[in-house]
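Colleague: My file is my_file10.csv. It has CSV, C-alpha atoms:
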```
chain,number,residue,atom,x,y,z
A,1,MET,CA,-23.3,-9.9,-4.4
A,2,PRO,CA,-26.9,-9.4,-3.0
A,3,ALA,CA,-27.2,-7.4,0.2
A,4,ARG,CA,-28.6,-10.4,2.2
A,5,SER,CA,-25.7,-12.6,1.1
A,6,ARG,CA,-23.2,-10.0,2.1
A,7,THR,CA,-24.8,-9.7,5.5
A,8,LEU,CA,-24.8,-13.5,6.1
A,9,LYS,CA,-21.1,-13.6,5.0
A,10,ARG,CA,-20.2,-10.8,7.2
A,11,ASN,CA,-22.0,-12.3,10.2
A,12,ALA,CA,-20.3,-15.6,9.7
A,13,ALA,CA,-16.9,-13.9,9.5
A,14,ILE,CA,-17.6,-12.0,12.7
A,15,GLN,CA,-18.6,-15.2,14.5
A,16,THR,CA,-15.4,-17.0,13.4
A,17,ALA,CA,-13.3,-13.9,14.3
A,18,ASP,CA,-14.9,-13.8,17.8
A,19,ALA,CA,-14.2,-17.5,18.4
A,20,ARG,CA,-10.5,-17.0,17.4
A,21,ASN,CA,-10.2,-13.6,19.2
A,22,ALA,CA,-11.1,-15.3,22.5
A,23,ARG,CA,-7.8,-17.3,22.2
A,24,ILE,CA,-5.6,-14.4,21.0
A,25,LYS,CA,-2.4,-14.0,23.0
A,26,HIS,CA,-0.3,-12.0,20.6
A,27,ARG,CA,-1.0,-9.4,17.9
A,28,MET,CA,1.2,-8.3,15.1
A,29,PRO,CA,0.8,-4.5,14.7
A,30,ALA,CA,0.4,-3.0,11.3
A,31,GLU,CA,3.5,-1.4,9.9
A,32,TRP,CA,2.1,2.1,10.2
A,33,GLU,CA,1.6,1.8,14.0
A,34,PRO,CA,4.2,3.6,16.1
A,35,HIS,CA,7.7,2.2,16.1
A,36,ASP,CA,10.5,2.3,18.7
A,37,ALA,CA,13.1,1.4,16.0
A,38,THR,CA,13.9,0.1,12.6
A,39,TRP,CA,16.4,-2.8,12.2
A,40,ILE,CA,18.7,-3.1,9.2
A,41,ALA,CA,21.9,-5.1,8.5
A,42,TRP,CA,24.8,-3.3,6.8
A,43,PRO,CA,25.8,-4.7,3.4
A,44,HIS,CA,29.0,-6.8,3.2
A,45,ASN,CA,28.4,-9.8,0.8
A,46,ARG,CA,29.8,-8.7,-2.6
A,47,ARG,CA,28.3,-11.8,-4.2
A,48,ASP,CA,24.8,-10.4,-3.5
A,49,TRP,CA,25.5,-7.5,-5.9
A,50,PRO,CA,28.2,-8.9,-8.3
A,51,GLY,CA,29.7,-5.9,-10.2
A,52,LYS,CA,27.5,-3.4,-8.4
A,53,PHE,CA,28.5,-3.7,-4.7
A,54,GLU,CA,30.2,-0.2,-4.4
A,55,PRO,CA,27.1,1.9,-4.6
A,56,ILE,CA,25.0,-0.2,-2.2
A,57,ALA,CA,26.4,1.2,1.0
A,58,TRP,CA,25.4,4.7,-0.2
A,59,VAL,CA,21.8,3.6,-0.8
A,60,TYR,CA,21.8,2.3,2.7
A,61,ALA,CA,23.2,5.6,4.0
A,62,GLU,CA,20.4,7.5,2.2
A,63,ILE,CA,17.8,5.2,3.8
A,64,VAL,CA,19.3,5.7,7.2
A,65,ARG,CA,19.6,9.5,6.7
A,66,ASN,CA,15.8,9.7,6.1
A,67,LEU,CA,14.7,7.2,8.8
A,68,CYS,CA,16.9,8.5,11.6
A,69,ARG,CA,14.9,11.8,11.6
A,70,TYR,CA,11.9,9.9,12.8
A,71,GLU,CA,13.0,6.9,14.9
A,72,ARG,CA,16.0,4.9,16.2
A,73,ILE,CA,18.0,2.8,13.8
A,74,GLU,CA,19.5,-0.5,15.0
A,75,ILE,CA,22.3,-1.4,12.5
A,76,ILE,CA,23.7,-4.9,12.5
A,77,VAL,CA,27.4,-5.1,11.4
A,78,ASN,CA,29.7,-8.1,11.1
A,79,ASP,CA,32.5,-6.8,13.4
A,80,ALA,CA,34.4,-3.8,14.6
A,81,ALA,CA,36.0,-3.1,11.2
A,82,ALA,CA,32.6,-3.2,9.5
A,83,GLU,CA,31.2,-0.8,12.0
A,84,ARG,CA,34.1,1.6,11.4
A,85,ARG,CA,33.4,1.5,7.6
A,86,ALA,CA,29.7,2.0,8.1
A,87,ARG,CA,30.2,4.9,10.5
A,88,LYS,CA,32.5,6.6,7.9
A,89,ILE,CA,30.0,6.3,5.1
A,90,LEU,CA,27.1,7.5,7.3
A,91,GLU,CA,29.1,10.4,8.5
A,92,CYS,CA,29.9,11.4,4.9
A,93,ALA,CA,26.2,11.2,4.1
A,94,HIS,CA,25.2,13.2,7.1
A,95,ALA,CA,23.3,10.2,8.4
A,96,LEU,CA,25.2,9.4,11.6
A,97,SER,CA,23.2,10.7,14.6
A,98,GLN,CA,22.4,9.8,18.2
A,99,THR,CA,19.4,7.7,17.0
A,100,VAL,CA,21.8,5.2,15.3
A,101,ARG,CA,23.0,2.2,17.3
A,102,PHE,CA,25.3,-0.7,16.2
A,103,HIS,CA,25.2,-4.4,17.0
A,104,ARG,CA,28.2,-6.6,16.1
A,105,TRP,CA,26.6,-9.8,14.9
A,106,ALA,CA,27.8,-11.8,11.9
A,107,THR,CA,25.3,-12.2,9.0
A,108,ASP,CA,25.2,-14.1,5.8
A,109,ARG,CA,23.0,-11.6,4.0
A,110,VAL,CA,21.3,-8.3,4.9
A,111,TRP,CA,17.6,-9.0,4.2
A,112,THR,CA,16.5,-8.4,7.8
A,113,ARG,CA,12.8,-8.5,6.9
A,114,ASP,CA,13.2,-12.3,6.2
A,115,SER,CA,16.0,-13.4,8.5
A,116,GLY,CA,15.1,-11.2,11.5
A,117,CYS,CA,12.3,-11.8,14.0
A,118,THR,CA,8.8,-10.6,13.7
A,119,PHE,CA,7.9,-8.3,16.6
A,120,VAL,CA,4.4,-8.7,18.2
A,121,LYS,CA,2.5,-7.2,21.1
A,122,SER,CA,2.0,-9.8,23.8
A,123,GLY,CA,0.4,-10.2,27.2
A,124,ARG,CA,-2.8,-10.7,29.2
A,125,LYS,CA,-6.1,-9.4,28.0
A,126,ASP,CA,-7.0,-5.8,28.9
A,127,GLY,CA,-9.5,-6.5,31.5
A,128,THR,CA,-12.0,-8.2,29.2
A,129,ALA,CA,-12.8,-11.8,28.4
A,130,ASN,CA,-12.2,-11.4,24.7
A,131,ALA,CA,-9.8,-9.3,22.7
A,132,ASN,CA,-12.5,-8.1,20.4
A,133,ARG,CA,-11.8,-6.5,17.0
A,134,SER,CA,-13.2,-3.1,18.0
A,135,SER,CA,-10.6,-2.7,20.8
A,136,ILE,CA,-7.6,-2.8,18.5
A,137,ALA,CA,-6.2,0.6,17.6
A,138,GLY,CA,-5.9,1.7,14.0
A,139,PRO,CA,-3.6,4.2,12.4
A,140,ASP,CA,-6.1,7.0,13.3
A,141,GLY,CA,-5.6,6.1,17.0
A,142,ARG,CA,-9.2,5.1,17.6
A,143,GLY,CA,-9.8,2.3,20.1
A,144,ARG,CA,-7.4,0.9,22.6
A,145,PRO,CA,-5.0,-2.1,22.2
A,146,SER,CA,-6.6,-5.2,23.6
A,147,LEU,CA,-3.3,-6.6,24.8
A,148,ARG,CA,-0.9,-5.1,27.3
A,149,ASP,CA,2.0,-3.4,25.6
A,150,SER,CA,4.7,-6.0,26.4
A,151,LEU,CA,6.9,-6.9,23.4
A,152,ALA,CA,7.4,-10.4,22.1
A,153,ALA,CA,9.4,-11.6,19.1
A,154,ILE,CA,8.6,-14.5,16.8
A,155,SER,CA,11.9,-16.1,15.8
A,156,TRP,CA,11.0,-18.1,12.7
A,157,ARG,CA,13.4,-20.6,11.3
A,158,PHE,CA,15.3,-19.1,8.4
A,159,ASN,CA,16.7,-21.3,5.6
A,160,ALA,CA,17.6,-18.7,3.0
A,161,TRP,CA,14.3,-19.1,1.1
A,162,ALA,CA,14.8,-22.8,0.8
A,163,LYS,CA,17.3,-21.9,-2.0
A,164,TYR,CA,20.8,-21.0,-0.8
A,165,SER,CA,23.2,-22.9,1.4
A,166,ASN,CA,24.6,-20.0,3.5
A,167,TRP,CA,22.0,-19.2,6.1
A,168,ARG,CA,23.4,-20.4,9.5
A,169,LYS,CA,24.6,-16.9,10.6
A,170,ASP,CA,21.3,-15.3,9.6
A,171,GLN,CA,19.4,-18.0,11.4
A,172,LYS,CA,20.7,-16.6,14.7
A,173,ILE,CA,19.7,-13.0,14.1
A,174,GLY,CA,16.1,-13.2,15.2
A,175,ALA,CA,16.9,-14.3,18.7
A,176,LEU,CA,19.7,-11.7,19.0
A,177,MET,CA,17.3,-9.0,18.0
A,178,ALA,CA,14.7,-10.2,20.5
A,179,ASN,CA,17.2,-10.2,23.3
A,180,ALA,CA,18.5,-6.7,22.4
A,181,ALA,CA,14.9,-5.4,22.4
A,182,GLY,CA,14.1,-7.1,25.7
A,183,ALA,CA,11.3,-9.1,24.0
A,184,ALA,CA,10.1,-12.5,24.9
A,185,ASN,CA,11.4,-14.9,22.2
A,186,LEU,CA,8.8,-17.3,20.7
A,187,GLY,CA,9.5,-20.2,18.3
A,188,PRO,CA,6.4,-21.6,16.5
A,189,THR,CA,6.7,-25.3,15.6
A,190,PHE,CA,4.9,-27.8,13.4
A,191,ARG,CA,5.2,-31.5,14.1
A,192,GLY,CA,8.2,-30.8,16.3
A,193,LYS,CA,10.1,-28.6,13.9
A,194,ARG,CA,10.5,-24.9,13.9
A,195,VAL,CA,8.3,-23.2,11.3
A,196,VAL,CA,10.2,-21.6,8.4
A,197,LEU,CA,8.7,-18.2,7.5
A,198,GLU,CA,10.1,-14.9,6.1
A,199,GLY,CA,8.6,-11.5,7.0
A,200,GLY,CA,8.3,-10.6,3.4
A,201,SER,CA,5.8,-13.4,2.8
A,202,ILE,CA,3.2,-11.8,5.0
A,203,ASP,CA,1.5,-8.4,5.4
A,204,VAL,CA,-1.1,-7.5,8.1
A,205,ASN,CA,-3.6,-4.8,8.8
A,206,GLY,CA,-3.1,-4.9,12.6
A,207,ARG,CA,-6.7,-6.0,13.3
A,208,GLY,CA,-6.6,-9.6,12.4
A,209,THR,CA,-6.3,-9.9,8.6
A,210,LEU,CA,-3.1,-11.2,6.8
A,211,LEU,CA,-2.1,-11.3,3.2
A,212,THR,CA,0.1,-14.0,1.7
A,213,THR,CA,0.5,-16.0,-1.5
A,214,GLU,CA,-0.1,-19.6,-2.3
A,215,GLU,CA,3.0,-19.7,-4.5
A,216,CYS,CA,5.3,-18.9,-1.5
A,217,LEU,CA,3.7,-20.9,1.3
A,218,LEU,CA,1.9,-23.7,-0.5
A,219,GLY,CA,3.9,-24.2,-3.7
A,220,LYS,CA,6.3,-27.2,-4.2
A,221,ALA,CA,9.2,-25.0,-5.5
A,222,GLN,CA,11.4,-23.7,-2.7
A,223,GLN,CA,9.1,-25.5,-0.2
A,224,ARG,CA,9.7,-24.1,3.3
A,225,ASN,CA,7.7,-26.5,5.4
A,226,PRO,CA,7.0,-29.8,3.8
A,227,GLY,CA,3.7,-31.2,5.0
A,228,MET,CA,2.2,-27.9,6.1
A,229,LYS,CA,-1.2,-27.1,4.6
A,230,ARG,CA,-3.3,-24.0,4.3
A,231,ALA,CA,-5.1,-24.7,7.6
A,232,ASP,CA,-1.8,-25.3,9.4
A,233,TYR,CA,-0.4,-21.9,8.4
A,234,GLU,CA,-3.7,-20.3,9.4
A,235,ASN,CA,-3.5,-21.9,12.9
A,236,ILE,CA,0.1,-20.6,13.3
A,237,PHE,CA,-0.9,-17.1,12.2
A,238,ALA,CA,-3.9,-17.2,14.6
A,239,GLU,CA,-1.8,-18.3,17.6
A,240,TYR,CA,1.3,-16.2,17.1
A,241,LEU,CA,0.2,-13.1,15.1
A,242,GLY,CA,-3.5,-12.7,16.3
A,243,ILE,CA,-4.8,-13.4,12.8
A,244,THR,CA,-8.5,-14.4,12.3
A,245,ASN,CA,-8.7,-13.9,8.5
A,246,VAL,CA,-6.1,-14.9,5.8
A,247,ILE,CA,-6.3,-13.6,2.3
A,248,TRP,CA,-4.5,-16.0,-0.1
A,249,LEU,CA,-3.3,-14.4,-3.3
A,250,LYS,CA,-2.0,-16.6,-6.0
A,251,SER,CA,1.6,-15.6,-7.0
A,252,GLY,CA,4.3,-13.0,-7.0
A,253,ILE,CA,6.1,-11.2,-9.7
A,254,ALA,CA,8.7,-12.3,-12.2
A,255,GLY,CA,12.3,-12.2,-11.1
A,256,ASP,CA,11.5,-12.7,-7.4
A,257,ASP,CA,13.9,-15.4,-6.2
A,258,THR,CA,11.9,-15.8,-3.0
A,259,HIS,CA,9.2,-17.4,-5.1
A,260,GLY,CA,6.1,-15.2,-4.3
A,261,HIS,CA,6.7,-12.8,-1.5
A,262,VAL,CA,3.6,-10.7,-1.0
A,263,ASP,CA,5.5,-7.5,-0.1
A,264,ASP,CA,6.3,-7.1,-3.8
A,265,ILE,CA,2.7,-7.2,-4.9
A,266,THR,CA,0.0,-6.2,-2.3
A,267,ARG,CA,0.2,-4.2,0.9
A,268,PHE,CA,-2.2,-2.9,3.5
A,269,VAL,CA,-2.1,0.9,3.9
A,270,THR,CA,-5.1,1.2,6.3
A,271,PRO,CA,-7.1,-1.6,8.1
A,272,ASP,CA,-9.5,-1.9,5.1
A,273,THR,CA,-7.4,-0.6,2.2
A,274,VAL,CA,-4.7,-2.3,0.1
A,275,VAL,CA,-2.4,-1.1,-2.6
A,276,SER,CA,-1.8,-3.8,-5.3
A,277,VAL,CA,0.5,-3.6,-8.3
A,278,ILE,CA,-0.8,-4.1,-11.8
A,279,GLU,CA,0.9,-4.5,-15.2
A,280,SER,CA,-0.6,-2.6,-18.1
A,281,ASP,CA,1.2,-4.5,-20.9
A,282,PRO,CA,-0.8,-7.6,-21.9
A,283,ASN,CA,2.3,-9.1,-23.3
A,284,ASP,CA,4.2,-8.9,-20.0
A,285,VAL,CA,4.7,-12.1,-18.0
A,286,ASN,CA,3.3,-10.3,-14.9
A,287,TYR,CA,0.1,-9.2,-16.6
A,288,GLU,CA,-2.2,-12.2,-15.9
A,289,PRO,CA,-0.9,-13.2,-12.5
A,290,LEU,CA,-1.4,-9.7,-11.2
A,291,ARG,CA,-4.9,-9.5,-12.7
A,292,GLU,CA,-5.7,-12.8,-10.8
A,293,ASN,CA,-4.5,-11.3,-7.6
A,294,ILE,CA,-6.8,-8.3,-8.1
A,295,ARG,CA,-9.7,-10.6,-8.7
A,296,ARG,CA,-9.0,-12.4,-5.4
A,297,LEU,CA,-8.8,-9.1,-3.6
A,298,ARG,CA,-12.1,-8.0,-5.0
A,299,ALA,CA,-13.7,-11.3,-3.7
A,300,ALA,CA,-12.0,-11.0,-0.3
A,301,THR,CA,-13.1,-9.3,3.0
A,302,ASP,CA,-11.5,-8.0,6.1
A,303,GLU,CA,-11.8,-9.7,9.5
A,304,ASP,CA,-15.3,-8.2,9.9
A,305,GLY,CA,-16.5,-9.4,6.6
A,306,ASN,CA,-16.3,-6.0,4.9
A,307,GLU,CA,-15.1,-5.6,1.3
A,308,LEU,CA,-11.6,-4.1,0.9
A,309,ALA,CA,-10.8,-0.8,-0.9
A,310,ILE,CA,-8.2,-1.5,-3.6
A,311,ILE,CA,-5.8,1.1,-4.9
A,312,GLU,CA,-3.9,0.0,-8.0
A,313,LEU,CA,-0.2,0.8,-8.3
A,314,PRO,CA,1.6,0.6,-11.6
A,315,MET,CA,4.6,-1.6,-12.2
A,316,PRO,CA,7.8,0.1,-13.5
A,317,ARG,CA,9.1,-0.9,-16.9
A,318,PRO,CA,11.0,-4.2,-16.7
A,319,VAL,CA,14.4,-3.7,-14.9
A,320,ILE,CA,16.9,-6.1,-16.6
A,321,PHE,CA,20.5,-6.6,-15.7
A,322,GLU,CA,22.8,-9.1,-17.2
A,323,LYS,CA,19.9,-10.5,-19.1
A,324,ARG,CA,17.9,-11.2,-15.9
A,325,ARG,CA,14.5,-9.7,-15.0
A,326,LEU,CA,14.7,-8.2,-11.5
A,327,PRO,CA,11.8,-7.9,-9.0
A,328,ALA,CA,11.4,-4.2,-9.3
A,329,SER,CA,8.1,-3.1,-7.6
A,330,TYR,CA,6.8,0.0,-5.9
A,331,ALA,CA,5.0,-2.2,-3.4
A,332,ASN,CA,8.3,-2.9,-1.6
A,333,PHE,CA,7.9,0.4,0.3
A,334,TYR,CA,8.6,0.8,4.1
A,335,THR,CA,6.3,2.7,6.4
A,336,ALA,CA,8.0,4.3,9.5
A,337,ASN,CA,7.1,7.0,12.0
A,338,GLY,CA,6.3,10.1,9.9
A,339,ILE,CA,7.8,8.8,6.7
A,340,VAL,CA,7.3,6.3,3.9
A,341,LEU,CA,10.3,5.2,1.8
A,342,VAL,CA,9.4,4.1,-1.7
A,343,PRO,CA,11.7,2.3,-4.2
A,344,VAL,CA,12.0,4.2,-7.5
A,345,PHE,CA,13.7,3.3,-10.7
A,346,ASN,CA,14.1,6.4,-12.9
A,347,ASP,CA,10.9,5.4,-14.6
A,348,PRO,CA,7.9,7.5,-15.7
A,349,ASN,CA,5.7,5.5,-13.3
A,350,ASP,CA,7.8,6.6,-10.3
A,351,ARG,CA,5.7,9.8,-9.9
A,352,ILE,CA,2.4,8.0,-10.2
A,353,ALA,CA,3.4,5.5,-7.5
A,354,LEU,CA,4.7,8.3,-5.2
A,355,ASP,CA,1.5,10.3,-5.6
A,356,ALA,CA,-0.7,7.3,-4.9
A,357,LEU,CA,1.1,6.6,-1.7
A,358,ALA,CA,1.2,10.2,-0.7
A,359,ASP,CA,-2.6,10.2,-1.0
A,360,VAL,CA,-3.0,7.2,1.4
A,361,PHE,CA,-0.4,8.5,3.9
A,362,PRO,CA,-1.3,12.2,4.1
A,363,ASP,CA,0.3,12.5,7.6
A,364,ARG,CA,3.7,11.1,6.4
A,365,GLU,CA,6.5,12.3,4.3
A,366,VAL,CA,6.7,10.1,1.2
A,367,VAL,CA,10.3,9.8,-0.2
A,368,GLY,CA,11.5,8.0,-3.2
A,369,ILE,CA,14.8,6.1,-2.9
A,370,TYR,CA,16.6,5.1,-6.1
A,371,CYS,CA,16.8,1.3,-6.1
A,372,GLY,CA,18.1,0.5,-9.6
A,373,ASP,CA,21.3,-0.8,-8.1
A,374,LEU,CA,19.9,-2.3,-4.9
A,375,ILE,CA,17.4,-4.4,-6.7
A,376,TRP,CA,20.3,-6.4,-8.3
A,377,GLY,CA,20.4,-8.1,-5.0
A,378,PHE,CA,16.8,-9.2,-5.6
A,379,GLY,CA,15.4,-7.0,-2.8
A,380,ALA,CA,14.5,-3.4,-2.0
A,381,ILE,CA,13.6,-1.2,0.9
A,382,HIS,CA,11.0,-3.4,2.6
A,383,CYS,CA,13.2,-6.5,2.3
A,384,MET,CA,16.1,-4.8,4.1
A,385,THR,CA,14.1,-3.3,7.1
A,386,GLN,CA,12.3,-4.7,10.1
A,387,GLN,CA,10.2,-2.6,12.4
A,388,GLN,CA,10.2,-2.8,16.2
A,389,PRO,CA,6.8,-1.6,17.4
A,390,ALA,CA,6.6,0.9,20.3
A,391,ALA,CA,6.1,-0.9,23.6
```
How does this structure look as structure tokens?
Modeller:
Amino acid sequence: MPARSRTLKRNAAIQTADARNARIKHRMPAEWEPHDATWIAWPHNRRDWPGKFEPIAWVYAEIVRNLCRYERIEIIVNDAAAERRARKILECAHALSQTVRFHRWATDRVWTRDSGCTFVKSGRKDGTANANRSSIAGPDGRGRPSLRDSLAAISWRFNAWAKYSNWRKDQKIGALMANAAGAANLGPTFRGKRVVLEGGSIDVNGRGTLLTTEECLLGKAQQRNPGMKRADYENIFAEYLGITNVIWLKSGIAGDDTHGHVDDITRFVTPDTVVSVIESDPNDVNYEPLRENIRRLRAATDEDGNELAIIELPMPRPVIFEKRRLPASYANFYTANGIVLVPVFNDPNDRIALDALADVFPDREVVGIYCGDLIWGFGAIHCMTQQQPAA
């Protein structure tokens, strides 16, 4: 693109961002910003891992063992008996510490990223007329947050990815989390109905740019919000998440029963850098869709109109169980205080993915967690966690 065209595009983007920033009331922090806690729900539904349920609790224990060294862990359990079982397993795995707390709330499933609330920073402007982009802190600590550090929670409506019938217990979890965290509970609506959204369908850089996919939010299959268009989603993102710039990728990976969650394909790792998965085998079903996503990222900009830096992550070899392709992806990592947990699959590309993420998170410990069994539930580490930002 010629330099003059880039300048004009950047200026137009900044003017649009400034207009939207003037209305910002909430901001969704990037995942790498400081946390007070990580929320998870303890596994209990054997039907989510048919034939493989027994090892799942030990995968959870390994995740808790690593996270509890860096932040508080809020664990949702179905009842007192479930808490006793969880405590016993965590104690055996040397993962039960004073940073672990339990909440006895019944759930249908344990994918807290999607059923739980989305925490945001909320409050009045910090002494200025506009919450301008330069005042929002990045992972390097530069700048000051433009909003006071009060915590709010977006409780989206959850309907089990518009696919499953058992969701009514999970639907209550977002509000319970908000109340336990002392956060104001917000419920976005469209035409009088609560907006359906899962946390795994979005990813943000904390400064106003959001990633999502057309397949998930705009597709007809597993349609979450009939009648909602691209502009409607962007208005919701602007009002409730502080988003001024949305990057629409095309589709997700094969085997993903959420129908296109972005946290399996492309993630922000700094305000202007993304990691995005690629498939090297031209005969693989993921090859062309992932190439199309890369093309869109190369044409995209951040909230200031600057081009993105793109780091390519490999895909593991296909993980197949009972003749079904599973959504195994290194992009489903979780970034916490001082640590990044990465799903691995006993694959030669495990080391490549871990090294790539270690390069972009030099101040954090990067740990691989074997997820060959966990992925049979069609989710991995990012799907099961939800961060509560530091307030």
Colleague: Can you pull out every residue within 7 Å of segment 51-68 of chain A, counting all atoms listed in the file, but drop anything in the same chain fewer than 4 positions away, and send it as a ChimeraX atom specification?
Modeller: /A:43,46,72-73,89-90,93-95,99-100,373-374
Colleague: So which residues are close to (1.0, -4.1, -20.2), meaning at most 12 Å away in the file's coordinates with only C-alpha atoms counted, and can you show them as a PyMOL selection string?
Modeller: chain A and resi 277-288+290-291+314-318
Colleague: Report as a ChimeraX atom specification all protein, DNA and RNA residues lying within 10 Å of Arg230 of chain A, evaluated on all atoms listed in the file, omitting residues in the same chain fewer than 4 positions from it.
Modeller: /A:214,217-218,234-235,246,248
Colleague: Could you check how far atom CA of Ile265 of chain A sits from atom CA of Leu210 of chain A, in Å to one decimal?
Modeller: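 Between these atoms lies a distance of 13.7 Å.
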Colleague: What gap, in Å, lies between atom CA of Gly208 of chain A and atom CA of Asp302 of chain A?
Modeller: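 Separation between atom CA of Gly208 of chain A and atom CA of Asp302 of chain A: 8.1 Å.
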Colleague: Between A:Trp42, A:Trp376, A:Tyr240, A:Tyr233, which one has atoms that come closest to Asp256 of chain A, using only C-alpha atoms?
Modeller: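 That would be A:Trp376, the residue with the smallest distance to Asp256 of chain A.
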Colleague: Hey, which of A:Trp161, A:Phe237, A:Tyr370, A:Trp167 ends up closest to Gln223 of chain A? Count only C-alpha atoms.
Modeller: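 Smallest distance to Gln223 of chain A is found for A:Trp161.
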Colleague: Would you please work out which residue, of A:Gly305, A:Gly192, A:Gly252, A:Gly219, is nearest to Asp264 of chain A when using only C-alpha atoms?
Modeller: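 Using only C-alpha atoms, Asp264 of chain A sits closest to A:Gly252.
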Colleague: Could you pull the residues within 8 Å of segment 173-188 of chain A, counting all atoms listed in the file, minus those fewer than 5 positions along the same chain, as a JSON list (two decimals) with C-alpha atoms, keeping the file's coordinate frame?
Modeller:
```
[["chain", "number", "residue", "atom", "x", "y", "z"],
["A", 105, "TRP", "CA", 26.60, -9.80, 14.90],
["A", 107, "THR", "CA", 25.30, -12.20, 9.00],
["A", 115, "SER", "CA", 16.00, -13.40, 8.50],
["A", 116, "GLY", "CA", 15.10, -11.20, 11.50],
["A", 117, "CYS", "CA", 12.30, -11.80, 14.00],
["A", 118, "THR", "CA", 8.80, -10.60, 13.70],
["A", 150, "SER", "CA", 4.70, -6.00, 26.40],
["A", 151, "LEU", "CA", 6.90, -6.90, 23.40],
["A", 152, "ALA", "CA", 7.40, -10.40, 22.10],
["A", 153, "ALA", "CA", 9.40, -11.60, 19.10],
["A", 154, "ILE", "CA", 8.60, -14.50, 16.80],
["A", 155, "SER", "CA", 11.90, -16.10, 15.80],
["A", 156, "TRP", "CA", 11.00, -18.10, 12.70],
["A", 194, "ARG", "CA", 10.50, -24.90, 13.90],
["A", 195, "VAL", "CA", 8.30, -23.20, 11.30],
["A", 236, "ILE", "CA", 0.10, -20.60, 13.30],
["A", 240, "TYR", "CA", 1.30, -16.20, 17.10]]
```
Colleague: Quick one: distance from atom CA of Asn225 of chain A to atom CA of Asp257 of chain A in Å, one decimal?
Modeller: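 Atom-to-atom, atom CA of Asn225 of chain A to atom CA of Asp257 of chain A, that is 17.2 Å.
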Colleague: Would you please work out which residue, of A:Ile253, A:Cys92, A:Val366, A:Cys383, is nearest to Trp39 of chain A when using only C-alpha atoms?
Modeller: A:Cys383
Colleague: Between A:Asn78, A:Val342, A:Asn166, A:His26, which has the minimum distance to Phe119 of chain A (counting only C-alpha atoms)?
Modeller: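 Result for the nearest residue to Phe119 of chain A: A:His26.
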Colleague: Give as an mmCIF file with C-alpha atoms, keeping the file's coordinate frame the set of residues within 9 Å of the point (8.5, 4.7, 5.8), where distances use the file's coordinates and all atoms listed in the file.
Modeller:
```
data_model
loop_
_atom_site.group_PDB
_atom_site.id
_atom_site.type_symbol
_atom_site.label_atom_id
_atom_site.label_comp_id
_atom_site.auth_asym_id
_atom_site.auth_seq_id
_atom_site.Cartn_x
_atom_site.Cartn_y
_atom_site.Cartn_z
ATOM 1 C CA GLU A 31 3.500 -1.400 9.900
ATOM 2 C CA TRP A 32 2.100 2.100 10.200
ATOM 3 C CA ASN A 66 15.800 9.700 6.100
ATOM 4 C CA LEU A 67 14.700 7.200 8.800
ATOM 5 C CA PHE A 333 7.900 0.400 0.300
ATOM 6 C CA TYR A 334 8.600 0.800 4.100
ATOM 7 C CA THR A 335 6.300 2.700 6.400
ATOM 8 C CA ALA A 336 8.000 4.300 9.500
ATOM 9 C CA ASN A 337 7.100 7.000 12.000
ATOM 10 C CA GLY A 338 6.300 10.100 9.900
ATOM 11 C CA ILE A 339 7.800 8.800 6.700
ATOM 12 C CA VAL A 340 7.300 6.300 3.900
ATOM 13 C CA LEU A 341 10.300 5.200 1.800
ATOM 14 C CA VAL A 342 9.400 4.100 -1.700
ATOM 15 C CA ARG A 364 3.700 11.100 6.400
ATOM 16 C CA GLU A 365 6.500 12.300 4.300
ATOM 17 C CA VAL A 366 6.700 10.100 1.200
ATOM 18 C CA VAL A 367 10.300 9.800 -0.200
#
```
Colleague: For each of A:His261, A:Lys229, A:Arg168, A:His44, take the minimum atom-to-atom distance to Ser329 of chain A, counting all atoms listed in the file, then give the residue where this is smallest.
Modeller: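 Checking each of A:His261, A:Lys229, A:Arg168, A:His44 against Ser329 of chain A, counting all atoms listed in the file, the winner is A:His261.
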Colleague: Which residues are close to Ile352 of chain A, i.e. within 10 Å by only C-alpha atoms, leaving aside same-chain residues fewer than 5 positions away? Reply as a list in words.
Modeller: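 Surrounding residues, per the criterion: Leu313, Pro314, Asp347, Leu357 and Ala358 of chain A.
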